[in-house]
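Student: Here it is: the structure, laid out below.
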Amino acid sequence: MAENTLVDKILALQDKYNQLQNQLSDPEVIADMKKYVQLNKDYKELQPIIKAGLEYKKLVDELAEAKDILVNEKDEDLRDMAKAEVAEIEPKLPQMEEEIKILLIPADPDDSKNAIVEIRGGAGGDEAAIFAGDLFRMYSKYAEKRGWKIEINDQAPGTSGGYKLIVFKLSSNDEGVYGIMKYESGVHRVQRVPQTETQGRIQTSAASVAVFPEAGEFDVDLKWDDIRLDLFCASGPGGQGVNTTYSAVRLTHIPSGLVVQCQEERSQLKNKDRAFEELRTRLYNLEHQKYLDEIGAKRKTMVSTGDRSAKIRTYNYPQGRVTDHRINWSMYNLPVFMDGDIQECINQLQIAENAERLKEAGD
């Protein structure tokens, strides 16, 4: 029976969960920070599975008891109570089983991390930069709704507004930001009459979004000996003194040639720390990309992350419509969507991905 199989899996995981709990209180483990961080991550990932699993096991046990009463008990009042209990419990179990099956599939390894997001204006010149600015505003509003912190690392403003490039970090103490934002990676296309167009003709422009899981301190062995540090005067917004001190930082990773810069803080030290974090993340993502390429072939919801040149979404202003091409989902309230109300689309992408992961696990 499916019930027995699931219960067995839950009990096996509970043993592992208890072992992790004991290890995390072991002084030797606490002294080894890298090991402690990994074990704590494994422990937290098991918590929702154990919680859902024990609730399921409790109902399965109660159902077995009720059925036993129906077989062996003569008292009609007890039998009526048992019938009512069976009628209440049985419809709940299939849904719980599906939810537990999804929880039992190992999560993508970086879902629990914070995210670094890069938006670039693509084809369409000034209008593409304006659209990149609209996307940044959309994600800022969404982050605000979820209570996430947003920090800008780098930006290159467009000549008519928006951004040719903007790089920012989204972080949360309560949930994995990357596991939610990863669906946004890819090319976003806009169809509208540009602000810069005098003839009123609809134009198609694009901006690319890349979402990276932020690398932790122990994910990449990054040494300052491998980095060239360049200092320069910050440009753009920042107030008095922004162009007169060498507070902006550019880091070049000599072995890989990767370059990052940060100029958003007045403090050179803060810019240096944030640039270092971003460089570590980009190095980590060179390896992470191999994983994305592997799963990108299996899951259409992740094709955008496996191939960041894939067109994932169209924002059609004349029709007031946004369409996600991976799951053929549309919403006819574009102003609300652009105001950060993107959760329904992300929910639908998560449902589609979970279905693909279940199929993948069953193959």
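The way I read the labels, and the way they are meant: chains A, B, ... in the order of the structure tokens, residue 1 as the first residue of every chain, and ligand 1 as the first ligand shown, with later ones counted on from there.
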Using only C-alpha atoms, which protein or nucleic acid residues come within 6 Å of segment 191-208 of chain A? Drop anything in the same chain fewer than 5 positions from it, and give the result as a list in words.
Tutor: Ile119, Arg120, Gly121, Gly122, Ala123, Gly124, Ala128, Ala132, Gly186, Asn316 and Tyr317 of chain A
Student: May I have the residues within 9 Å of Phe232 of chain A as a PyMOL selection string, using only C-alpha atoms and disregarding those fewer than 2 positions away in the same chain?
Tutor: chain A and resi 230+234+243+245-250+263
Student: Keeping C-alpha atoms, export the residues of the selection given above as a compact mmCIF listing (two decimals), in the first residue's frame.
Tutor:
# COMPACT_ATOMS: atom_id res chain seq x y z
CA ASP A 230 41.10 48.73 -8.96
CA ALA A 234 31.82 56.57 -8.51
CA ASN A 243 32.70 61.87 -7.97
CA THR A 245 36.63 60.12 -3.81
CA TYR A 246 37.93 56.77 -5.00
CA SER A 247 35.15 54.80 -3.30
CA ALA A 248 34.10 52.65 -6.28
CA VAL A 249 35.71 49.21 -6.49
CA ARG A 250 36.43 46.90 -9.41
CA GLN A 263 29.99 51.83 -6.46
Student: Quick one: residues within 12 Å of segment 328-332 of chain A, only C-alpha atoms, excluding same-chain residues fewer than 2 positions away - as a ChimeraX atom specification?
Tutor: /A:300-301,312-326,334-338,341-349,352
Student: Quick one: everything within 10 Å of Pro255 of chain A, counting only C-alpha atoms, minus sequence neighbours fewer than 2 positions away in the same chain. Send it as a ChimeraX atom specification.
Tutor: /A:226-227,252-253,257-258
Student: Just the selected residues (all heavy atoms), exported as a PDB file, in the first residue's frame, please.
Tutor:
ATOM      1  N   ASP A 226      44.345  35.986  -5.738  1.00  0.00           N
ATOM      2  CA  ASP A 226      43.915  35.759  -7.128  1.00  0.00           C
ATOM      3  C   ASP A 226      43.115  36.929  -7.697  1.00  0.00           C
ATOM      4  O   ASP A 226      42.533  36.819  -8.781  1.00  0.00           O
ATOM      5  CB  ASP A 226      43.048  34.481  -7.210  1.00  0.00           C
ATOM      6  CG  ASP A 226      43.850  33.220  -6.934  1.00  0.00           C
ATOM      7  OD1 ASP A 226      45.070  33.237  -7.196  1.00  0.00           O
ATOM      8  OD2 ASP A 226      43.272  32.236  -6.447  1.00  0.00           O
ATOM      9  N   ILE A 227      43.046  38.028  -6.950  1.00  0.00           N
ATOM     10  CA  ILE A 227      42.174  39.152  -7.350  1.00  0.00           C
ATOM     11  C   ILE A 227      42.993  40.430  -7.553  1.00  0.00           C
ATOM     12  O   ILE A 227      43.875  40.750  -6.746  1.00  0.00           O
ATOM     13  CB  ILE A 227      41.101  39.413  -6.260  1.00  0.00           C
ATOM     14  CG1 ILE A 227      40.189  38.189  -6.093  1.00  0.00           C
ATOM     15  CG2 ILE A 227      40.263  40.645  -6.601  1.00  0.00           C
ATOM     16  CD1 ILE A 227      39.267  38.264  -4.887  1.00  0.00           C
ATOM     17  N   THR A 252      38.919  42.045 -10.333  1.00  0.00           N
ATOM     18  CA  THR A 252      39.146  41.130 -11.455  1.00  0.00           C
ATOM     19  C   THR A 252      39.719  39.829 -10.922  1.00  0.00           C
ATOM     20  O   THR A 252      40.776  39.840 -10.254  1.00  0.00           O
ATOM     21  CB  THR A 252      40.121  41.737 -12.482  1.00  0.00           C
ATOM     22  OG1 THR A 252      39.604  42.995 -12.924  1.00  0.00           O
ATOM     23  CG2 THR A 252      40.294  40.815 -13.684  1.00  0.00           C
ATOM     24  N   HIS A 253      39.029  38.728 -11.164  1.00  0.00           N
ATOM     25  CA  HIS A 253      39.532  37.411 -10.761  1.00  0.00           C
ATOM     26  C   HIS A 253      40.496  36.936 -11.842  1.00  0.00           C
ATOM     27  O   HIS A 253      40.080  36.600 -12.953  1.00  0.00           O
ATOM     28  CB  HIS A 253      38.358  36.428 -10.600  1.00  0.00           C
ATOM     29  CG  HIS A 253      38.785  35.095 -10.069  1.00  0.00           C
ATOM     30  ND1 HIS A 253      38.685  33.936 -10.808  1.00  0.00           N
ATOM     31  CD2 HIS A 253      39.323  34.743  -8.869  1.00  0.00           C
ATOM     32  CE1 HIS A 253      39.129  32.923 -10.084  1.00  0.00           C
ATOM     33  NE2 HIS A 253      39.521  33.376  -8.916  1.00  0.00           N
ATOM     34  N   GLY A 257      39.215  35.581 -15.257  1.00  0.00           N
ATOM     35  CA  GLY A 257      38.937  36.795 -16.034  1.00  0.00           C
ATOM     36  C   GLY A 257      37.628  37.476 -15.659  1.00  0.00           C
ATOM     37  O   GLY A 257      37.253  38.482 -16.255  1.00  0.00           O
ATOM     38  N   LEU A 258      36.910  36.936 -14.678  1.00  0.00           N
ATOM     39  CA  LEU A 258      35.645  37.546 -14.244  1.00  0.00           C
ATOM     40  C   LEU A 258      35.891  38.915 -13.620  1.00  0.00           C
ATOM     41  O   LEU A 258      36.838  39.088 -12.848  1.00  0.00           O
ATOM     42  CB  LEU A 258      34.947  36.651 -13.218  1.00  0.00           C
ATOM     43  CG  LEU A 258      34.055  35.508 -13.744  1.00  0.00           C
ATOM     44  CD1 LEU A 258      33.568  34.675 -12.571  1.00  0.00           C
ATOM     45  CD2 LEU A 258      32.876  36.050 -14.512  1.00  0.00           C
TER      46      LEU A 258
END
Student: Would you work out the distance separating atom CA of Met181 of chain A from atom CA of Leu279 of chain A, expressed in Å to one decimal?
Tutor: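 These two atoms are separated by 19.6 Å.
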Student: Quick one: of A:Ala310, A:Glu144, A:Glu118, A:Ile89, who's nearest to Glu278 of chain A, counting only C-alpha atoms?
Tutor: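 Of A:Ala310, A:Glu144, A:Glu118, A:Ile89, the one nearest Glu278 of chain A, counting only C-alpha atoms, is A:Glu118.
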Student: Mind pulling up the distance from atom CA of Ile102 of chain A to atom CA of Val86 of chain A?
Tutor: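 These two atoms are separated by 25.2 Å.
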Student: What parts of segment 97-342 of chain A does DSSP call alpha helix (DSSP H)? I'd like the answer as a PyMOL selection string.
Tutor: chain A and resi 97-104+126-146+178-181+268-296+303-306+334-338
Student: Extract the full set of strand (DSSP E) residues from segment 34-263 of chain A according to DSSP on the backbone, and format it as a ChimeraX atom specification.
Tutor: /A:115-121,149-157,163-171,186-192,203-213,227-232,248-253,259-262
Student: What is the atom CA of Ile152 of chain A-atom CA of Val167 of chain A distance in Å, reported with one decimal?
Tutor: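 Rounded to one decimal, the two atoms are 6.1 Å apart.
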Student: Could you check which of A:Ile30, A:Leu78, A:Leu170, A:Val7 is closest to Glu55 of chain A, using only C-alpha atoms?
Tutor: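 Smallest separation from Glu55 of chain A among the options: A:Val7.
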Student: Quick one: of A:His288, A:Lys101, A:Lys9, A:Lys272, who's nearest to Leu358 of chain A, counting only C-alpha atoms?
Tutor: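 For Leu358 of chain A, the nearest of the given residues is A:Lys101.
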Student: Taking into account only C-alpha atoms, which residue in the set A:Ile105, A:Leu286, A:Val60, A:Met81 is nearest to Ala355 of chain A?
Tutor: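 Closest residue, counting only C-alpha atoms: A:Ile105.
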Student: Under the rule that only C-alpha atoms are counted, which of A:Gly53, A:Pro48, A:Gly340, A:Pro91 is the nearest residue to Phe136 of chain A?
Tutor: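 Ranked by minimum distance to Phe136 of chain A, first place goes to A:Gly340.
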Student: Which residues are near Tyr284 of chain A? Cut-off 12 Å, only C-alpha atoms, ignore same chain within fewer than 5 positions. Put them as a list of chain:residue names.
Tutor: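 The neighbour list is A:Asp110, A:Ile116, A:Phe212, A:Pro213, A:Glu214, A:Ala215, A:Gly216, A:Glu217, A:Phe218, A:Asp219, A:Val220, A:Asp221, A:Leu222, A:Ser256, A:Leu258, A:Glu277, A:Glu278, A:Leu279, A:Gln289, A:Lys290, A:Tyr291.
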Student: Find the residues near segment 20-29 of chain A: any atom within 12 Å, counting only C-alpha atoms, skip ones fewer than 2 places away on the same chain, and give them as a list in words.
Tutor: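 Everything that qualifies: Leu13, Gln14, Asp15, Lys16, Tyr17, Asn18, Ala31, Asp32, Met33, Lys34, Lys35, Tyr36, Val37, Gln38, Leu39, Asn40, Lys41, Asp42, Tyr43, Lys44, Glu45, Leu46 and Gln47 of chain A.
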Student: Taking only C-alpha atoms into account, which of A:Asn285, A:Glu99, A:Glu76, A:Asp174 comes nearest Ile351 of chain A?
Tutor: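 Under the stated criterion, the closest residue is A:Glu99.
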